[in-house]
Amino acid sequence: MTVAANRANQVLLRRLLLVSVAMFGFGYAMVPLYNVLCDLTGLNRGEVQALAKNTQVDYSRVVNVQMLANVPASVPVRLIAPSKPMNVHPGELAQTEYEVENLSDHVLATQSIPSYSPQLAAKYFKKIECFCFREQVLQPHEKRKLPVLFVLDKDAPKDLTWLSLSYTLFESPKAAR
Amino acid sequence: MEAHAMEHGHGAPKGITRWLTTTNHKDIGTMYLWFAGAMFLFAGLMAMGIRAELFQPGMQIMSPEFFNQLTTLHGLIMVFGAIMPAMAGFANWQIPLMIGAPDMAFPRMNNWSFWILPAAAILLVLSMFVPGGAVATGWTLYPPLYIQGGISYDLTIFAVHILGASSIMASLNIITTILNMRAPGMTMMKMPLFVWTWLITAFLLIAVMPVLAGAVTMLLTDRNFGTHFFDAAGGGDPVLFQHVFWFFGHPEVYILILPAFGLVSTVIPTFARKPLFGYSSMVYATASIAILSFLVWAHHMFTVGMPTAGQLYFMYATMLIAVPTGVKVFNWVATMWKGSLTFETPMLFAIGFVSMFTIGGFTGLVLAMAPIDIQMQDTYYVVAHFHYVLVSGALFAIYAGVYYWLPKWTGHMYNETLGKWHFWLSMISFNVLFFPQHFLGMAGMPRRIPDYALQFTEFNQISSIGGFMFGASQILMLIVIVQAIRGGKKAEAKVWEGAQGLEWTVASPPPYHTFETAPEVK
């Protein structure tokens with residue numbers, strides 16, 4: 001081999017070596033690149049994970065849900081409804097909280113009964129967790145939060161733009177006096 | 001040529017030091033091929049163990065852990081220890097002869113790139129005998145399992161590093177040889193197609209082997225030095241490994257098959273006695289396959305939870321590869337069309353390659369469809385697919401090449417009858433072995449599991465019988481090679497009537513030094 005040919009080979013070898021070293025670096029560069037790509041596309045990032053998205057929610061409309069609470073004057077209990085109405089999409093899982101307080105010095109067993117306005121809305125208001133499902137026993141002067149978990153059926157009629165949910169709290173009839 | 005070799009003053013040195021210190025491309029090519037052959041038989045024995053265990057449902061002859069170690073080592077050794085070194089052996093032997101160069105560009109580096117291979121092989125074999133046994137993750141080395149393994153997992157990482165370094169050095173050598181050392185008049189578009197396919201393969205190798213080295217280095221530091229590239233508990237992501245691995249892994253499958261395309265494109269025109277149909281389209285098809293191979297990696301991981309847009313992109317991009325591959329298949333068929341065909345063993349293997357590889361290509365297209373792949377992921381359908389492209393693809397092409405050049409290398413004609421027996425036994429037993437696995441996969445039998453449900457028994461037994469036949473048939477190859485080395489009918493310089501190219505202008509066997517003065521190519 002001539003000296004010139006040898007030199008040309010050496011130069012090419014150095015360039016090609018550079019390529020393979022750069023590709024080794026690229027292997028590592030894929031780590032931050034991967035994270036950047038995930039951030040940009042929202043892939044693999046907690047609640048916005050594309051595949052876990054609930055396709056049953058109708059994002060095109062909103063229903064205003066107002067919450068009310070009634071307690072007959074004879075029952076020494078305070079029931080407080082959430083002060084602000086909620087805006088929920090049909091099909092969306094929504095959560096809210098009532099607050100209850102026993103004002104008396106003795107144990108009270110209470111039962112809450114829901115009602116809806118308009119009445120038709122009852123058919124589409126699906127409660128998943130509610131304090132009205134069971135009797136609530138309150139210790140003297142006990143104060144407690146009562147969660148309500150619900151989904152408004154996405155088949156609800158389009159003209160249902162608001163509804164009110166009202167609980168009336170009674171003293172449980174079967175409770176021992 | 002003889003005269004030139006005499007003028008140069010020496011032939012081959014004698015004894016073991018000849019092989020340890022050789023810088024001669026022919027010697028190194030021979031060593032690569034023997035190494036590949038030994039590794040092929042070793043990993044083939046592991047496959048026999050796998051098929052023996054799968055002959056019946058239930059656990060018979062080995063523990064599930066050992067079964068997984070066998071599937072892993074079989075894959076790793078066949079890919080990195082058998083097919084790739086065999087292709088490198090062909091490159092070393094043939095590229096200087098085909099382009100009229102006296103030797104490879106960097107003969108000392110060439111010696112080194114071969115001699116580190118046995119070290120890697122020893123590490124892999126050694127890893128079977130350390131506490132906990134060899135790696136049992138499958139050849140894809142996926143974390144988190146990989147991070148939890150014993151000491152053999154570190155040994156395997158080092159073996160992969162060494163194998164990668166060897167391939168990179170061989171590729172640097174091959175590219176420089178091809179680009180800088182062609183004989184006068186040998187323009188790029190006059191190069192034999194085998195040289196072209198190896199040039200493109202070598203570029204693929206220097207681009208992706210370092211990425212694999214990076215990936216396994218990350219595994220190594222995750223295992224031993226407290227990094228968290230792939231450990232979710234430390235903020236890493238195991239899916240990231242799959243992306244990095246398959247960014248290497250998909251070009252890797254073309255690294256295995258492109259030189260095979262080159263071998264077949266050399267053999268078919270010889271025995272069809274026609275020039276290769278569509279030479280330039282073959283070159284462009286090879287280049288486009290290589291470029292596309294960088295853009296389709298995630299079709300190996302359709303089930304990791306990609307968005308639909310990503311799945312669609314990888315699906316269509318993968319299907320696009322069928323176009324240049326189809327160009328190649330049609331060109332081979334068109335080369336044979338109206339040729340004066342004869343069916344010597346190399347031609348039989350080449351035709352076997354074209355027909356069987358095409359079946360593997362079609363099952364590849366089936367798997368490219370994301371909705372079907374999600375169903376077929378990790379079943380025997382995938383196993384059948386990649387054995388059709390790697391055994392009846394890459395391996396059959398290697399056989400075609402070995403039979404084709406064996407008279408040139410040894411100076412003796414091989415035993416044609418035994419060669420034909422080898423082909424027909426391999427061809428039939430290969431199909432008995434792998435065709436039923438399509439059905440097993442479609443019926444839902446998962447891969448890499450040593451036990452299976454009763455309804456899979458018949459097809460597994462057929463497959464195992466085919467496997468034992470295929471394994472036994474390969475011994476014929478060894479016999480043919482040893483016979484040809486020991487003696488037989490003297491081969492002429494131009495062994496095959498229809499052969500074209502510079503390697504047929506030198507004697508059989510070629511003198512130790514060839515083309516000291518560059519030949520003139522018209």
# chains A, B, ... in the order shown; residues from 1 in each chain; ligands from 1
>>> interface_residues(of="chain B", to="chain A", cutoff="10 Å", atoms="only C-alpha atoms", output="VMD selection string")
chain B and resid 101 to 103 105 to 106 168 to 169 171 to 173 175 to 177 179 to 181 203 205 to 215 217 to 218 229 to 230 236 to 237 239 to 241 243 to 245 247 to 248 305 to 308 516 to 517
>>> write_last_selection(atoms="N, CA and C atoms", output="short mmCIF file (atom, residue, chain, number, x, y, z; two decimals), in the first residue's frame")
data_model
loop_
_atom_site.label_atom_id
_atom_site.label_comp_id
_atom_site.auth_asym_id
_atom_site.auth_seq_id
_atom_site.Cartn_x
_atom_site.Cartn_y
_atom_site.Cartn_z
N ALA B 101 -8.68 -5.86 -4.32
CA ALA B 101 -7.78 -5.26 -3.32
C ALA B 101 -6.83 -6.33 -2.80
N PRO B 102 -5.59 -5.94 -2.40
CA PRO B 102 -4.65 -6.93 -1.91
C PRO B 102 -5.06 -7.52 -0.55
N ASP B 103 -5.72 -6.72 0.28
CA ASP B 103 -6.15 -7.20 1.60
C ASP B 103 -7.17 -6.20 2.12
N ALA B 105 -8.33 -3.00 4.55
CA ALA B 105 -7.62 -1.74 4.73
C ALA B 105 -6.78 -1.74 6.00
N PHE B 106 -7.29 -2.34 7.07
CA PHE B 106 -6.57 -2.33 8.35
C PHE B 106 -6.38 -3.76 8.85
N ILE B 168 -18.16 -3.45 15.10
CA ILE B 168 -17.86 -2.08 14.68
C ILE B 168 -16.49 -2.03 13.99
N MET B 169 -15.50 -2.72 14.58
CA MET B 169 -14.18 -2.71 13.96
C MET B 169 -14.22 -3.37 12.59
N SER B 171 -16.71 -3.46 10.63
CA SER B 171 -17.41 -2.57 9.71
C SER B 171 -16.54 -1.42 9.25
N LEU B 172 -15.78 -0.84 10.20
CA LEU B 172 -14.87 0.25 9.81
C LEU B 172 -13.93 -0.24 8.72
N ASN B 173 -13.42 -1.45 8.92
CA ASN B 173 -12.51 -2.06 7.97
C ASN B 173 -13.18 -2.26 6.61
N ILE B 175 -15.91 -0.82 5.30
CA ILE B 175 -16.26 0.42 4.59
C ILE B 175 -15.01 1.03 3.95
N THR B 176 -13.92 1.11 4.74
CA THR B 176 -12.71 1.72 4.21
C THR B 176 -12.18 0.92 3.02
N THR B 177 -12.20 -0.40 3.16
CA THR B 177 -11.73 -1.24 2.05
C THR B 177 -12.54 -0.97 0.79
N LEU B 179 -14.55 1.59 0.00
CA LEU B 179 -14.53 2.95 -0.56
C LEU B 179 -13.16 3.33 -1.11
N ASN B 180 -12.08 2.85 -0.49
CA ASN B 180 -10.75 3.36 -0.86
C ASN B 180 -9.90 2.39 -1.67
N MET B 181 -10.22 1.10 -1.67
CA MET B 181 -9.24 0.16 -2.19
C MET B 181 -9.72 -0.64 -3.41
N PHE B 203 -22.50 0.23 7.27
CA PHE B 203 -22.97 1.53 7.75
C PHE B 203 -24.05 1.34 8.82
N LEU B 205 -24.25 -1.13 10.82
CA LEU B 205 -23.59 -1.61 12.04
C LEU B 205 -22.95 -0.47 12.82
N ILE B 206 -22.23 0.44 12.13
CA ILE B 206 -21.59 1.50 12.93
C ILE B 206 -22.63 2.48 13.44
N ALA B 207 -23.84 2.48 12.86
CA ALA B 207 -24.87 3.38 13.38
C ALA B 207 -25.60 2.79 14.58
N VAL B 208 -25.85 1.47 14.60
CA VAL B 208 -26.72 0.95 15.66
C VAL B 208 -26.00 0.14 16.73
N MET B 209 -24.84 -0.46 16.39
CA MET B 209 -24.13 -1.22 17.42
C MET B 209 -23.78 -0.35 18.64
N PRO B 210 -23.34 0.92 18.40
CA PRO B 210 -23.07 1.77 19.56
C PRO B 210 -24.33 2.05 20.39
N VAL B 211 -25.50 2.08 19.74
CA VAL B 211 -26.73 2.32 20.48
C VAL B 211 -27.02 1.13 21.40
N LEU B 212 -26.79 -0.09 20.89
CA LEU B 212 -26.96 -1.27 21.75
C LEU B 212 -25.95 -1.22 22.90
N ALA B 213 -24.71 -0.83 22.57
CA ALA B 213 -23.70 -0.73 23.62
C ALA B 213 -24.17 0.25 24.69
N GLY B 214 -24.77 1.37 24.25
CA GLY B 214 -25.30 2.34 25.21
C GLY B 214 -26.41 1.74 26.05
N ALA B 215 -27.32 1.02 25.40
CA ALA B 215 -28.46 0.43 26.11
C ALA B 215 -27.99 -0.55 27.18
N THR B 217 -25.05 -0.63 28.53
CA THR B 217 -24.31 0.10 29.56
C THR B 217 -25.28 0.70 30.57
N MET B 218 -26.41 1.21 30.08
CA MET B 218 -27.42 1.73 30.99
C MET B 218 -27.93 0.62 31.90
N PHE B 229 -32.17 4.50 34.87
CA PHE B 229 -32.67 4.72 33.51
C PHE B 229 -33.98 3.98 33.29
N PHE B 230 -34.06 2.76 33.80
CA PHE B 230 -35.20 1.91 33.47
C PHE B 230 -36.00 1.50 34.70
N GLY B 236 -37.26 6.21 36.34
CA GLY B 236 -36.97 5.70 35.00
C GLY B 236 -38.19 5.07 34.37
N ASP B 237 -37.98 4.44 33.21
CA ASP B 237 -39.11 3.87 32.49
C ASP B 237 -38.65 2.62 31.73
N VAL B 239 -40.14 1.03 29.50
CA VAL B 239 -40.50 1.11 28.08
C VAL B 239 -39.41 1.84 27.29
N LEU B 240 -38.70 2.75 27.99
CA LEU B 240 -37.59 3.45 27.33
C LEU B 240 -36.57 2.44 26.81
N PHE B 241 -36.29 1.39 27.60
CA PHE B 241 -35.33 0.39 27.14
C PHE B 241 -35.78 -0.23 25.83
N HIS B 243 -37.57 1.07 23.53
CA HIS B 243 -37.34 1.99 22.41
C HIS B 243 -35.86 1.98 22.02
N VAL B 244 -34.96 2.08 23.01
CA VAL B 244 -33.53 2.13 22.68
C VAL B 244 -33.12 0.80 22.05
N PHE B 245 -33.58 -0.32 22.65
CA PHE B 245 -33.18 -1.63 22.14
C PHE B 245 -33.64 -1.82 20.71
N PHE B 247 -34.46 0.41 18.53
CA PHE B 247 -33.79 1.32 17.60
C PHE B 247 -32.54 0.65 17.05
N PHE B 248 -31.87 -0.16 17.92
CA PHE B 248 -30.81 -1.03 17.43
C PHE B 248 -31.40 -2.26 16.75
N GLY B 305 -48.63 0.33 24.71
CA GLY B 305 -49.51 1.45 25.02
C GLY B 305 -49.12 2.70 24.27
N MET B 306 -49.01 2.57 22.94
CA MET B 306 -48.72 3.73 22.10
C MET B 306 -50.05 4.37 21.71
N PRO B 307 -50.03 5.69 21.41
CA PRO B 307 -51.27 6.29 20.90
C PRO B 307 -51.59 5.73 19.51
N THR B 308 -52.84 5.84 19.13
CA THR B 308 -53.27 5.28 17.83
C THR B 308 -52.45 5.85 16.69
N GLU B 516 -1.67 -8.18 -5.53
CA GLU B 516 -0.61 -7.26 -5.07
C GLU B 516 -0.49 -6.10 -6.05
N THR B 517 -0.62 -6.43 -7.34
CA THR B 517 -0.79 -5.39 -8.34
C THR B 517 -2.26 -5.40 -8.71
#
>>> select_by_dssp(residues="region 105-149 of chain A", states="helix (DSSP H, G or I)", output="list of chain:residue names")
A:Gln119, A:Leu120, A:Ala121, A:Ala122, A:Lys123, A:Phe131, A:Cys132, A:Phe133
>>> atom_distance(atom1="CA of Ser473 (chain B)", atom2="CA of Ile428 (chain B)")
10.4 Å
>>> residues_around(residues="Asp105 (chain A)", least_positions_apart="3", cutoff="10 Å", atoms="only C-alpha atoms", output="PyMOL selection string")
chain A and resi 76+102+108+139-142
>>> write_last_selection(atoms="N, CA and C atoms", output="mmCIF file, in the first residue's frame")
data_model
loop_
_atom_site.group_PDB
_atom_site.id
_atom_site.type_symbol
_atom_site.label_atom_id
_atom_site.label_comp_id
_atom_site.auth_asym_id
_atom_site.auth_seq_id
_atom_site.Cartn_x
_atom_site.Cartn_y
_atom_site.Cartn_z
ATOM 1 N N PRO A 76 -82.893 17.984 65.911
ATOM 2 C CA PRO A 76 -81.808 18.883 66.344
ATOM 3 C C PRO A 76 -80.503 18.637 65.595
ATOM 4 N N ASN A 102 -74.631 17.124 64.798
ATOM 5 C CA ASN A 102 -75.642 16.792 65.809
ATOM 6 C C ASN A 102 -75.624 17.883 66.872
ATOM 7 N N LEU A 108 -78.118 10.294 67.864
ATOM 8 C CA LEU A 108 -79.224 10.398 66.923
ATOM 9 C C LEU A 108 -78.974 9.483 65.728
ATOM 10 N N GLN A 139 -73.062 10.784 66.990
ATOM 11 C CA GLN A 139 -72.802 10.888 68.434
ATOM 12 C C GLN A 139 -73.183 12.304 68.888
ATOM 13 N N PRO A 140 -73.363 12.530 70.210
ATOM 14 C CA PRO A 140 -73.695 13.874 70.696
ATOM 15 C C PRO A 140 -72.675 14.897 70.201
ATOM 16 N N HIS A 141 -73.185 15.946 69.567
ATOM 17 C CA HIS A 141 -72.383 17.066 69.058
ATOM 18 C C HIS A 141 -71.341 16.644 68.029
ATOM 19 N N GLU A 142 -71.543 15.495 67.394
ATOM 20 C CA GLU A 142 -70.592 15.061 66.360
ATOM 21 C C GLU A 142 -70.781 15.895 65.097
#
>>> atom_distance(atom1="CA of Ser172 (chain A)", atom2="CA of Gln95 (chain A)")
25.5 Å
>>> residues_around(residues="Glu92 (chain A)", least_positions_apart="4", cutoff="8 Å", atoms="only C-alpha atoms", output="list in words")
Gln56, Val57, Asp58, Val88, Val151 and Leu152 of chain A
>>> select_by_dssp(residues="region 41-111 of chain A", states="strand (DSSP E)", output="list of chain:residue names")
A:Val63, A:Asn64, A:Val65, A:Gln66, A:Met67, A:Leu68, A:Ala69, A:Asn70, A:Val77, A:Arg78, A:Leu79, A:Ile80, A:Met86, A:Asn87, A:Val88, A:Leu93, A:Ala94, A:Gln95, A:Thr96, A:Glu97, A:Tyr98, A:Glu99, A:Val100, A:Glu101, A:Asn102, A:Leu108, A:Ala109, A:Thr110, A:Gln111
>>> write_last_selection(atoms="C-alpha atoms", output="short mmCIF file (atom, residue, chain, number, x, y, z; two decimals), in the first residue's frame")
data_model
loop_
_atom_site.label_atom_id
_atom_site.label_comp_id
_atom_site.auth_asym_id
_atom_site.auth_seq_id
_atom_site.Cartn_x
_atom_site.Cartn_y
_atom_site.Cartn_z
CA VAL A 63 -75.26 20.61 33.41
CA ASN A 64 -75.50 22.93 36.40
CA VAL A 65 -76.17 20.95 39.60
CA GLN A 66 -77.41 22.82 42.65
CA MET A 67 -77.42 21.17 46.05
CA LEU A 68 -79.90 21.88 48.82
CA ALA A 69 -80.49 20.59 52.34
CA ASN A 70 -83.64 20.58 54.50
CA VAL A 77 -79.37 18.47 63.46
CA ARG A 78 -77.71 20.93 61.11
CA LEU A 79 -77.20 19.74 57.50
CA ILE A 80 -75.16 22.08 55.30
CA MET A 86 -71.35 22.36 40.32
CA ASN A 87 -70.92 22.25 36.57
CA VAL A 88 -70.63 18.64 35.39
CA LEU A 93 -67.62 11.23 37.64
CA ALA A 94 -68.31 14.08 40.08
CA GLN A 95 -67.86 14.38 43.82
CA THR A 96 -69.18 16.78 46.41
CA GLU A 97 -69.56 16.96 50.18
CA TYR A 98 -72.32 17.78 52.62
CA GLU A 99 -71.67 18.56 56.25
CA VAL A 100 -73.74 17.35 59.19
CA GLU A 101 -73.73 18.28 62.87
CA ASN A 102 -75.64 16.79 65.81
CA LEU A 108 -79.22 10.40 66.92
CA ALA A 109 -79.93 7.96 64.09
CA THR A 110 -80.74 9.88 60.93
CA GLN A 111 -81.87 9.01 57.42
#
>>> closest_residue(among="B:Trp409, B:Tyr32, B:Phe349, B:Trp196", to="Trp504 (chain B)", atoms="only C-alpha atoms")
B:Trp409
>>> atom_distance(atom1="CA of Phe302 (chain B)", atom2="CA of Ala368 (chain B)")
9.3 Å
>>> closest_residue(among="B:Val267, B:Val216, B:Val495, B:Ala47", to="Phe468 (chain B)", atoms="only C-alpha atoms")
B:Ala47
>>> closest_residue(among="A:Val36, A:Leu120, A:Ala81, A:Val3", to="Pro147 (chain A)", atoms="only C-alpha atoms")
A:Ala81
>>> residues_around(residues="Asp159 (chain A)", least_positions_apart="3", cutoff="12 Å", atoms="only C-alpha atoms", output="number ranges by chain")
A: 61-64, 118, 120-121, 155-156, 162-163
>>> residues_around(residues="Pro144 (chain B)", least_positions_apart="3", cutoff="9 Å", atoms="only C-alpha atoms", output="list in words")
Ile147, Gln148, Phe230, Asp231, Ala232 and Pro238 of chain B
>>> decode(residues="region 250-302 of chain B", atoms="C-alpha atoms", output="CSV table (one decimal), in the first residue's frame")
chain,number,residue,atom,x,y,z
B,250,HIS,CA,-34.7,-3.4,13.9
B,251,PRO,CA,-31.7,-2.3,11.8
B,252,GLU,CA,-30.0,-5.4,13.3
B,253,VAL,CA,-32.5,-7.8,11.5
B,254,TYR,CA,-31.4,-6.1,8.2
B,255,ILE,CA,-27.8,-6.4,9.3
B,256,LEU,CA,-28.5,-10.2,9.4
B,257,ILE,CA,-30.4,-10.3,6.1
B,258,LEU,CA,-28.8,-7.7,3.7
B,259,PRO,CA,-25.5,-9.7,3.2
B,260,ALA,CA,-27.8,-12.7,2.6
B,261,PHE,CA,-29.5,-10.8,-0.2
B,262,GLY,CA,-26.0,-10.1,-1.5
B,263,LEU,CA,-25.0,-13.8,-1.4
B,264,VAL,CA,-28.2,-14.9,-3.2
B,265,SER,CA,-27.8,-12.1,-5.8
B,266,THR,CA,-24.3,-13.6,-6.5
B,267,VAL,CA,-25.4,-17.2,-6.7
B,268,ILE,CA,-28.6,-16.9,-8.8
B,269,PRO,CA,-27.0,-15.2,-11.9
B,270,THR,CA,-24.2,-17.8,-11.9
B,271,PHE,CA,-26.6,-20.7,-12.2
B,272,ALA,CA,-29.1,-18.9,-14.4
B,273,ARG,CA,-26.2,-17.9,-16.7
B,274,LYS,CA,-27.7,-14.4,-17.0
B,275,PRO,CA,-26.6,-11.1,-15.5
B,276,LEU,CA,-28.5,-10.1,-12.4
B,277,PHE,CA,-31.8,-8.5,-13.4
B,278,GLY,CA,-32.2,-4.9,-12.4
B,279,TYR,CA,-28.7,-4.4,-10.8
B,280,SER,CA,-29.2,-0.7,-10.0
B,281,SER,CA,-32.7,-1.2,-8.6
B,282,MET,CA,-31.2,-3.9,-6.3
B,283,VAL,CA,-28.7,-1.3,-5.0
B,284,TYR,CA,-31.4,1.3,-4.4
B,285,ALA,CA,-33.7,-1.3,-2.9
B,286,THR,CA,-30.9,-2.3,-0.4
B,287,ALA,CA,-30.3,1.4,0.5
B,288,SER,CA,-34.0,2.1,1.0
B,289,ILE,CA,-34.4,-1.0,3.2
B,290,ALA,CA,-31.5,0.3,5.3
B,291,ILE,CA,-32.9,3.8,5.6
B,292,LEU,CA,-36.5,2.5,6.4
B,293,SER,CA,-35.1,0.2,9.0
B,294,PHE,CA,-34.4,3.2,11.3
B,295,LEU,CA,-37.9,4.4,11.1
B,296,VAL,CA,-40.0,1.4,12.1
B,297,TRP,CA,-38.6,0.1,15.4
B,298,ALA,CA,-41.8,0.4,17.5
B,299,HIS,CA,-43.6,-2.3,15.5
B,300,HIS,CA,-41.8,-4.6,17.9
B,301,MET,CA,-43.7,-3.1,20.8
B,302,PHE,CA,-47.3,-2.4,19.6
